[in-house]
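S.K.: Encoded as structure tokens, here's the structure I'll be asking about.
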Amino acid sequence: MGQATLTELSRMALLAEDSEELLRWSVARMAEGLDAERCYVFRRSDDGADLDLVARTPETEGPSGRDLEQRLFEHARRTLEAHRHPAATGDGPAESQPVDVVTGSLSLVSLIIRGTVAPYGVLTLQRNGNRDFDHGDVELLRSIANVLSTALERLQREVQLQRSQQLNRAVIDAFPGRLALLDGEGRLLRVNRRWRDLADQRGVRCEPGSTPPLEELAGRLHPEGDPDRRQRIFDGIHEVLIGRRPSFAIEYPTQQAEDLRWCLLRVVPLFDRQGALLVHEDVTERRLFSERLAYQAQHDRLTGLPNRHLFADRLEQGLLRAQRSGQGLGILFLDIDRFKRINDTLGHAFGDEVLRRVARRLRRRLQETDTLARVGADEFVAIVAVEAGISDAVKVAHALLEAVREPMVVDDQTVFLAATVGISLYPDDGDDPATLLHKADSALYRAKSHGLESIQSFSTEMSVEAIARFELESHLRLALGQDQLSLHFQPQFDAERLRITGVEALLRWQHPERGPIPPGKFVPLAEESDLILELGDWVLRQGCRQLAQWRGLGLGDVRLAINVSALQLARPEFLGQVEQALEDCDLPPTSLELEVTESVLLIEGPQVTRRLQELRGLGVSVSIDDFGTGYSSLAYLQSFPLDRLKVDRRFIDRLDEDDAASLALVRSIIGLGHGLGMKVVAEGVEREDQLGILRRLGCDSFQGFLLGRPQPPETLWLELEPLCRPDLETGQGSAPPIGEDQPEEEGTAQERGDDPHR
């Protein structure tokens with residue numbers, strides 16, 4: 001009976017596909033074949049410290065209940081412990097020394113069931129009565145345990161293999177590309193889901209074991225491509241399979257429906273060189289992303305134009321072509337004049353939109369073969385072909401200036417722009433990119449010094465000027481901390497009695513080595529580098545301190561006029577700076593007048609209007625300086641809160657009794673100012689006849705060399721001091737005679753660069 005049980009169990013173990021099903025069937029057969037009331041199989045827990053019951057025979061007659069089960073469990077546990085620590089128990093391996101206990105009417109036997117690495121568990125049988133397990137029973141049970149161990153090891157390995165295969169398939173199918181394994185003969189061993197999808201789309205077979213010729217496989221990968229590329233794919237796969245090359249990769253376009261897609265095929269040998277792995281990916285998005293990165297690295301994000309790096313490459317390539325063809329090239333460096341004021345007054349978003357539109361305008365004025373790049377905040381550079389030398393370049397420059405000059409409406413605000421252009425030529429001015437760009441930049445600076453919408457080509461003297469300009473800016477930064485700057489004051493006179501009613505503060509720079517430097521040279525440098533903010537604040541504080549000193553000596557109601565740049569006016573903190581300067585010097589706001597040039601009106605900005613209203617709210621007067629030199633319209637002039645209008649000296653210079661046009665023009669300006677409720681001040685009065693005409697035309701105040709030159713405060717005090725003594729007839733301060741005791745300065749104000757707004 002026992003041998004038949006072993007045979008039947010061996011056959012079942014060979015056919016079993018499930019370990020738990022095998023164990024359930026086995027315990028029933030063993031209990032029956034070995035005349036045992038109970039047969040249990042305990043499996044070792046995952047941590048190896050305990051046992052779990054996995055199979056048992058149904059309950060039969062005899063001792064039962066929890067107490068018996070607990071005794072069976074303890075017997076199995078001691079068997080497992082004896083197997084793990086044979087020296088401690090003195091029993092030796094449980095496979096050869098099974099635990100056999102007979103207690104009263106109960107007999108137990110337990111044997112270890114092996115596993116792949118550690119014991120699978122314990123087999124335990126129980127008989128009732130005095131029927132113990134003899135030697136033959138134990139040997140039979142040992143054989144049964146070996147059969148079960150072998151079967152369970154096989155099933156466990158199969159489960160592990162299945163799991164590994166499932167994991168491999170999951171990993172392969174999860175791969176975003178297409179994978180295929182080829183054997184050494186080119187047969188398909190395995191393909192993933194995406195490869196199968198591709199095969200289904202193209203109506204081809206891809207079952208494992210199929211042997212499509214490599215030509216057919218190459219055709220599947222690139223069905224609509226050119227024959228040469230298909231041949232390259234075929235050769236690449238073949239050479240990897242035969243070991244001629246370590247790997248192969250090719251990226252190529254393929255048409256799918258209406259989309260052009262890019263694919264990447266990589267072929268690498270298997271570790272044993274008995275086949276190859278094919279990886280086929282759609283890399284369209286990655287390629288587009290790389291192209292976008294490359295585009296962004298070479299183009300300006302705001303305008304889409306080439307940036308400085310791409311421009312340098314285009315210029316280098318253009319020079320190579322020009323050298324081969326003998327054709328000339330023109331480098332046009334264009335700068336938008338005073339563009340920073342747009343950002344400061346209307347915001348960067350507004351300025352960005354203006355730049356985008358300017359870029360489109362400039363691009364439309366150039367040929368397709370020309371290059372236009374944005375190389376700075378408001379700087380553009382163009383490369384143009386020139387056949388007639390400088391004349392061709394100048395024609396293009398004029399076209400670009402016209403494009404910038406056209407009025408532009410952005411967010412319901414009209415903006416007037418102007419630009420300047422510097423030109424360098426190949427081969428006249430250089431034959432390498434760095435030299436040509438440097439010389440075009442030098443020409444641009446010369447153009448800016450000539451005023452709005454100027455065009456200048458490079459000349460040798462410009463290099464010297466560029467170096468001198470850099471040195472001058474460096475010295476200017478040191479001048480503030482070294483007490484090289486000072487203020488001179490030019491008096492303003494009323495028309496009725498030619499009495500001093502105000503003084504204008506004018507900045508002076510006495511260089512320790514170069515002597516006096518005209519404001520017309522250093523003020524533009526300060527405006528370009530934002531140093532004007534620091535200089536402007538210094539002038540405001542120093543001017544207020546000087547007026548406070550004069551008032552402390554008894555000076556009456558004399559107004560201090562200080563020039564303010566557009567950059568200062570755009571700063572939110574400027575209002576606080578004015579308040580602080582007045583408070584520190586204990587001056588009433590009505591004693592201060594701030595002058596802004598007409599160029600501020602180039603932009604109708606709510607920030608500018610609001611700032612001027614805030615200043616007037618303090619009690620500070622506001623005047624427009626150099627009226628008639630900019631682009632302001634009556635609508636702009638009317639929209640700003642202004643107290644005085646200062647007529648530019650260029651209108652006064654031409655004023656003559658015999659010049660009807662100049663008389664009419666000045667009369668119109670004075671009438672315009674009065675009509676808008678403003679007082680009118682004439683700048684640059686240098687002749688007696690000018691003074692007489694202006695008084696007759698109704699001008700309210702005068703300023704100029706005829707009446708009073710810019711003077712240091714201690715010299716001007718000689719003229720101001722009489723104002724502290726009341727006139728015996730009027731009870732008011734008296735003024736000295738015109739021109740009396742005034743220091744002489746050579747030349748006119750214009751010749752000395754002594755514009756009052758400087």
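We label chains A, B, ... in the order they appear in the structure tokens, count residues from 1 in each chain, and number ligands from 1 in the order shown.
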Taking 3 positions as the minimum chain separation for residues in the same chain, which residues sit within 12 Å of Gly552 (chain A) when counting only C-alpha atoms? Answer as a PyMOL selection string.
M.R.: chain A and resi 545-549+555-556+585-587+721+724
S.K.: For those residues, write N, CA, C and O atoms to a file as a PDB file, in the first residue's frame.
M.R.:
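Written output follows (again_22.pdb):
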```pdb
ATOM      1  N   ARG A 545      20.220 123.507  -1.288  1.00  0.00           N
ATOM      2  CA  ARG A 545      21.060 123.995  -0.187  1.00  0.00           C
ATOM      3  C   ARG A 545      21.544 125.427  -0.455  1.00  0.00           C
ATOM      4  O   ARG A 545      21.579 126.267   0.447  1.00  0.00           O
ATOM      5  N   GLN A 546      21.894 125.692  -1.735  1.00  0.00           N
ATOM      6  CA  GLN A 546      22.379 127.038  -2.057  1.00  0.00           C
ATOM      7  C   GLN A 546      21.265 128.074  -1.940  1.00  0.00           C
ATOM      8  O   GLN A 546      21.470 129.176  -1.403  1.00  0.00           O
ATOM      9  N   LEU A 547      20.059 127.729  -2.403  1.00  0.00           N
ATOM     10  CA  LEU A 547      18.944 128.662  -2.286  1.00  0.00           C
ATOM     11  C   LEU A 547      18.612 128.910  -0.816  1.00  0.00           C
ATOM     12  O   LEU A 547      18.309 130.049  -0.411  1.00  0.00           O
ATOM     13  N   ALA A 548      18.676 127.862   0.001  1.00  0.00           N
ATOM     14  CA  ALA A 548      18.407 128.028   1.430  1.00  0.00           C
ATOM     15  C   ALA A 548      19.435 128.953   2.077  1.00  0.00           C
ATOM     16  O   ALA A 548      19.107 129.772   2.963  1.00  0.00           O
ATOM     17  N   GLN A 549      20.677 128.851   1.626  1.00  0.00           N
ATOM     18  CA  GLN A 549      21.716 129.724   2.176  1.00  0.00           C
ATOM     19  C   GLN A 549      21.421 131.183   1.820  1.00  0.00           C
ATOM     20  O   GLN A 549      21.539 132.078   2.662  1.00  0.00           O
ATOM     21  N   LEU A 555      17.488 136.866   1.172  1.00  0.00           N
ATOM     22  CA  LEU A 555      16.944 136.907  -0.187  1.00  0.00           C
ATOM     23  C   LEU A 555      15.457 136.611  -0.148  1.00  0.00           C
ATOM     24  O   LEU A 555      14.998 135.694   0.546  1.00  0.00           O
ATOM     25  N   GLY A 556      14.732 137.367  -0.929  1.00  0.00           N
ATOM     26  CA  GLY A 556      13.282 137.216  -0.920  1.00  0.00           C
ATOM     27  C   GLY A 556      12.795 136.147  -1.879  1.00  0.00           C
ATOM     28  O   GLY A 556      13.398 135.080  -2.006  1.00  0.00           O
ATOM     29  N   CYS A 585      16.111 121.404   3.509  1.00  0.00           N
ATOM     30  CA  CYS A 585      16.585 122.786   3.402  1.00  0.00           C
ATOM     31  C   CYS A 585      15.554 123.794   3.891  1.00  0.00           C
ATOM     32  O   CYS A 585      15.776 125.018   3.776  1.00  0.00           O
ATOM     33  N   ASP A 586      14.421 123.290   4.398  1.00  0.00           N
ATOM     34  CA  ASP A 586      13.364 124.159   4.918  1.00  0.00           C
ATOM     35  C   ASP A 586      12.930 125.182   3.868  1.00  0.00           C
ATOM     36  O   ASP A 586      12.825 126.392   4.142  1.00  0.00           O
ATOM     37  N   LEU A 587      12.700 124.685   2.633  1.00  0.00           N
ATOM     38  CA  LEU A 587      12.265 125.549   1.537  1.00  0.00           C
ATOM     39  C   LEU A 587      10.798 125.304   1.236  1.00  0.00           C
ATOM     40  O   LEU A 587      10.337 124.162   1.262  1.00  0.00           O
ATOM     41  N   GLU A 721      22.308 140.326  -3.786  1.00  0.00           N
ATOM     42  CA  GLU A 721      22.281 141.020  -2.500  1.00  0.00           C
ATOM     43  C   GLU A 721      21.427 142.277  -2.524  1.00  0.00           C
ATOM     44  O   GLU A 721      20.689 142.550  -1.559  1.00  0.00           O
ATOM     45  N   CYS A 724      17.925 142.084  -1.423  1.00  0.00           N
ATOM     46  CA  CYS A 724      17.626 141.980   0.004  1.00  0.00           C
ATOM     47  C   CYS A 724      17.333 143.358   0.611  1.00  0.00           C
ATOM     48  O   CYS A 724      16.854 143.458   1.738  1.00  0.00           O
TER      49      CYS A 724
END
```
S.K.: Running DSSP on the backbone, which parts of region 282-386 of chain A land in alpha helix (DSSP H), as a ChimeraX atom specification?
M.R.: /A:284-298,308-325,339-346,348-364
S.K.: Per DSSP on the backbone, what are the strand (DSSP E) residues of region 463-660 of chain A, as a PyMOL selection string?
M.R.: chain A and resi 485-494+500-511+515-517+559-563+592-597+621-627+644-647
S.K.: Write the residues you've just listed into a file as an mmCIF file, in the first residue's frame, and include C-alpha atoms for each of them.
M.R.:
```
data_model
loop_
_atom_site.group_PDB
_atom_site.id
_atom_site.type_symbol
_atom_site.label_atom_id
_atom_site.label_comp_id
_atom_site.auth_asym_id
_atom_site.auth_seq_id
_atom_site.Cartn_x
_atom_site.Cartn_y
_atom_site.Cartn_z
ATOM 1 C CA LEU A 485 31.438 119.090 -9.884
ATOM 2 C CA SER A 486 29.850 122.395 -9.005
ATOM 3 C CA LEU A 487 26.805 124.508 -9.795
ATOM 4 C CA HIS A 488 26.678 127.820 -11.608
ATOM 5 C CA PHE A 489 23.514 129.871 -11.614
ATOM 6 C CA GLN A 490 22.089 131.987 -14.447
ATOM 7 C CA PRO A 491 19.571 134.659 -13.460
ATOM 8 C CA GLN A 492 16.136 135.095 -15.038
ATOM 9 C CA PHE A 493 14.597 138.577 -15.328
ATOM 10 C CA ASP A 494 11.031 139.765 -15.515
ATOM 11 C CA ILE A 500 15.831 139.025 -11.062
ATOM 12 C CA THR A 501 12.935 136.671 -10.310
ATOM 13 C CA GLY A 502 14.706 133.350 -10.574
ATOM 14 C CA VAL A 503 17.961 131.500 -11.131
ATOM 15 C CA GLU A 504 18.620 128.335 -13.107
ATOM 16 C CA ALA A 505 21.113 125.819 -11.722
ATOM 17 C CA LEU A 506 23.645 124.648 -14.320
ATOM 18 C CA LEU A 507 26.098 121.793 -13.745
ATOM 19 C CA ARG A 508 29.832 122.397 -14.243
ATOM 20 C CA TRP A 509 32.759 119.970 -14.239
ATOM 21 C CA GLN A 510 36.283 121.160 -13.505
ATOM 22 C CA HIS A 511 38.570 118.261 -14.398
ATOM 23 C CA GLY A 515 40.217 121.787 -17.028
ATOM 24 C CA PRO A 516 36.557 122.747 -17.561
ATOM 25 C CA ILE A 517 34.595 120.191 -19.575
ATOM 26 C CA ARG A 559 12.706 130.900 -7.718
ATOM 27 C CA LEU A 560 15.246 128.103 -8.289
ATOM 28 C CA ALA A 561 14.952 126.251 -11.631
ATOM 29 C CA ILE A 562 16.506 122.810 -11.950
ATOM 30 C CA ASN A 563 16.595 120.630 -15.082
ATOM 31 C CA LEU A 592 11.359 125.317 -6.781
ATOM 32 C CA GLU A 593 10.722 124.959 -10.499
ATOM 33 C CA LEU A 594 11.547 121.761 -12.383
ATOM 34 C CA GLU A 595 12.308 121.990 -16.099
ATOM 35 C CA VAL A 596 11.645 119.100 -18.471
ATOM 36 C CA THR A 597 12.743 119.154 -22.092
ATOM 37 C CA SER A 621 6.275 124.650 -10.611
ATOM 38 C CA VAL A 622 6.869 122.744 -13.851
ATOM 39 C CA SER A 623 8.153 124.252 -17.108
ATOM 40 C CA ILE A 624 8.847 122.878 -20.562
ATOM 41 C CA ASP A 625 12.378 123.661 -21.723
ATOM 42 C CA ASP A 626 13.654 124.205 -25.290
ATOM 43 C CA PHE A 627 10.133 124.419 -26.688
ATOM 44 C CA ARG A 644 6.005 127.980 -17.932
ATOM 45 C CA LEU A 645 7.109 127.607 -21.515
ATOM 46 C CA LYS A 646 10.726 128.357 -22.382
ATOM 47 C CA VAL A 647 11.311 129.298 -26.021
#
```
S.K.: Out of A:Gly136, A:Leu540, A:Ala566, A:Gly304, which residue has the shortest atom-to-atom distance to Asp584 (chain A) when counting only C-alpha atoms?
M.R.: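 So, comparing all the options, the nearest one is A:Leu540.
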S.K.: With only C-alpha atoms as the counted atoms, please give the residues lying no more than 7 Å from region 191-193 of chain A, apart from itself and same-chain residues fewer than 3 positions off, as number ranges by chain.
M.R.: A: 172-173, 178-181, 196-197
S.K.: Extract, using only C-alpha atoms, all DNA, RNA and protein residues at most 7 Å from region 696-707 of chain A, discarding same-chain residues fewer than 3 positions from it, and format them as a list in words.
M.R.: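 Neighbouring residues, sequence-local ones excluded: Pro491, Gln492, Phe493, Asp494, Ala495, Arg667, Ile670, Lys679, Val680, Val681, Ala682, Glu683, Gly684, Val685, Glu686, Arg687, Gly692, Ile693, Ile738 and Gly739 of chain A.
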S.K.: Give me, as number ranges by chain, all polymer residues having an atom no more than 9 Å from Phe73 (chain A), counting only C-alpha atoms and skipping those fewer than 2 positions away in the same chain.
M.R.: A: 40, 42, 51, 53, 68-71, 75-78, 124
S.K.: Compare A:Arg616, A:Glu719, A:Tyr426, A:Val386 by their minimum atom-to-atom distance to Glu316 (chain A), counting only C-alpha atoms, and give me the closest one.
M.R.: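 Closest candidate: A:Tyr426.
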S.K.: Go ahead and compute the interatomic distance for CA of Ile331 (chain A) and CA of Gly422 (chain A), in Å to one decimal.
M.R.: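 According to the coordinates, CA of Ile331 (chain A) and CA of Gly422 (chain A) are separated by 8.1 Å.
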S.K.: I'd like to know which of A:His475, A:Arg142, A:Lys395, A:Arg363 is closest to Phe380 (chain A), using only C-alpha atoms.
M.R.: A:Arg363
S.K.: Given only C-alpha atoms as the basis, pick out the residue of A:Val267, A:Leu241, A:Gln162, A:Ala16 nearest to Val147 (chain A).
M.R.: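 Answer, going by the shortest atom-to-atom distance: A:Ala16.
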S.K.: For Arg154 (chain A), list every protein, DNA or RNA residue within 10 Å, evaluated using only C-alpha atoms, and leave out those in the same chain fewer than 4 positions away; present the list as an NGL selection string.
M.R.: :A and (13-14 or 16-17 or 19 or 115-116 or 148-150 or 158-160)
S.K.: Please produce an output containing C-alpha atoms for each residue in the selection, written as a CSV table (one decimal), in the first residue's frame.
M.R.:
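Result went into part-v1.csv, see below:
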```csv
chain,number,residue,atom,x,y,z
A,13,ALA,CA,4.2,15.4,-8.9
A,14,LEU,CA,5.5,15.2,-12.5
A,16,ALA,CA,1.3,19.1,-11.2
A,17,GLU,CA,1.1,22.7,-12.4
A,19,SER,CA,1.9,23.7,-5.7
A,115,GLY,CA,13.1,24.4,-1.2
A,116,THR,CA,15.3,26.0,-3.9
A,148,LEU,CA,7.4,16.7,-3.0
A,149,SER,CA,10.6,18.8,-2.5
A,150,THR,CA,11.6,18.1,-6.1
A,158,GLU,CA,8.5,27.8,-13.2
A,159,VAL,CA,6.7,30.5,-11.3
A,160,GLN,CA,9.9,32.5,-11.0
```
S.K.: Could you name the residues that touch Glu185 (chain A) at 9 Å or less, counting only C-alpha atoms, but leaving out those on the same chain fewer than 3 positions away, as a PyMOL selection string?
M.R.: chain A and resi 182+211+241+274-275
S.K.: Could you save the residues just selected, with all heavy atoms, as a tab-separated table (two decimals), in the first residue's frame?
M.R.:
```tsv
chain	number	residue	atom	x	y	z
A	182	LEU	N	16.36	39.76	-32.86
A	182	LEU	CA	16.67	38.89	-33.99
A	182	LEU	C	17.70	37.87	-33.54
A	182	LEU	O	18.60	38.18	-32.75
A	182	LEU	CB	17.24	39.70	-35.16
A	182	LEU	CG	16.37	40.80	-35.78
A	182	LEU	CD1	17.13	41.46	-36.92
A	182	LEU	CD2	15.05	40.25	-36.26
A	211	THR	N	10.93	34.64	-40.60
A	211	THR	CA	12.25	34.97	-41.14
A	211	THR	C	12.11	35.85	-42.36
A	211	THR	O	12.37	35.41	-43.50
A	211	THR	CB	13.02	33.69	-41.51
A	211	THR	OG1	12.20	32.94	-42.43
A	211	THR	CG2	13.30	32.85	-40.29
A	241	LEU	N	24.80	41.89	-37.39
A	241	LEU	CA	24.55	40.45	-37.18
A	241	LEU	C	25.79	39.61	-37.43
A	241	LEU	O	26.05	38.63	-36.72
A	241	LEU	CB	23.41	39.99	-38.09
A	241	LEU	CG	21.99	40.38	-37.66
A	241	LEU	CD1	20.98	39.99	-38.73
A	241	LEU	CD2	21.62	39.75	-36.33
A	274	GLN	N	24.89	36.40	-30.70
A	274	GLN	CA	24.06	35.45	-31.44
A	274	GLN	C	22.74	36.11	-31.84
A	274	GLN	O	21.68	35.51	-31.76
A	274	GLN	CB	23.79	34.20	-30.59
A	274	GLN	CG	25.02	33.41	-30.24
A	274	GLN	CD	25.77	32.93	-31.48
A	274	GLN	OE1	25.18	32.35	-32.38
A	274	GLN	NE2	27.07	33.18	-31.51
A	275	GLY	N	22.79	37.32	-32.27
A	275	GLY	CA	21.59	38.03	-32.66
A	275	GLY	C	21.77	39.52	-32.43
A	275	GLY	O	22.88	40.01	-32.14
```
S.K.: Could you state the separation of CA of Gly48 (chain A) and CA of Glu21 (chain A) in Å, given to one decimal place?
M.R.: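 For CA of Gly48 (chain A) relative to CA of Glu21 (chain A), the distance reads 22.7 Å.
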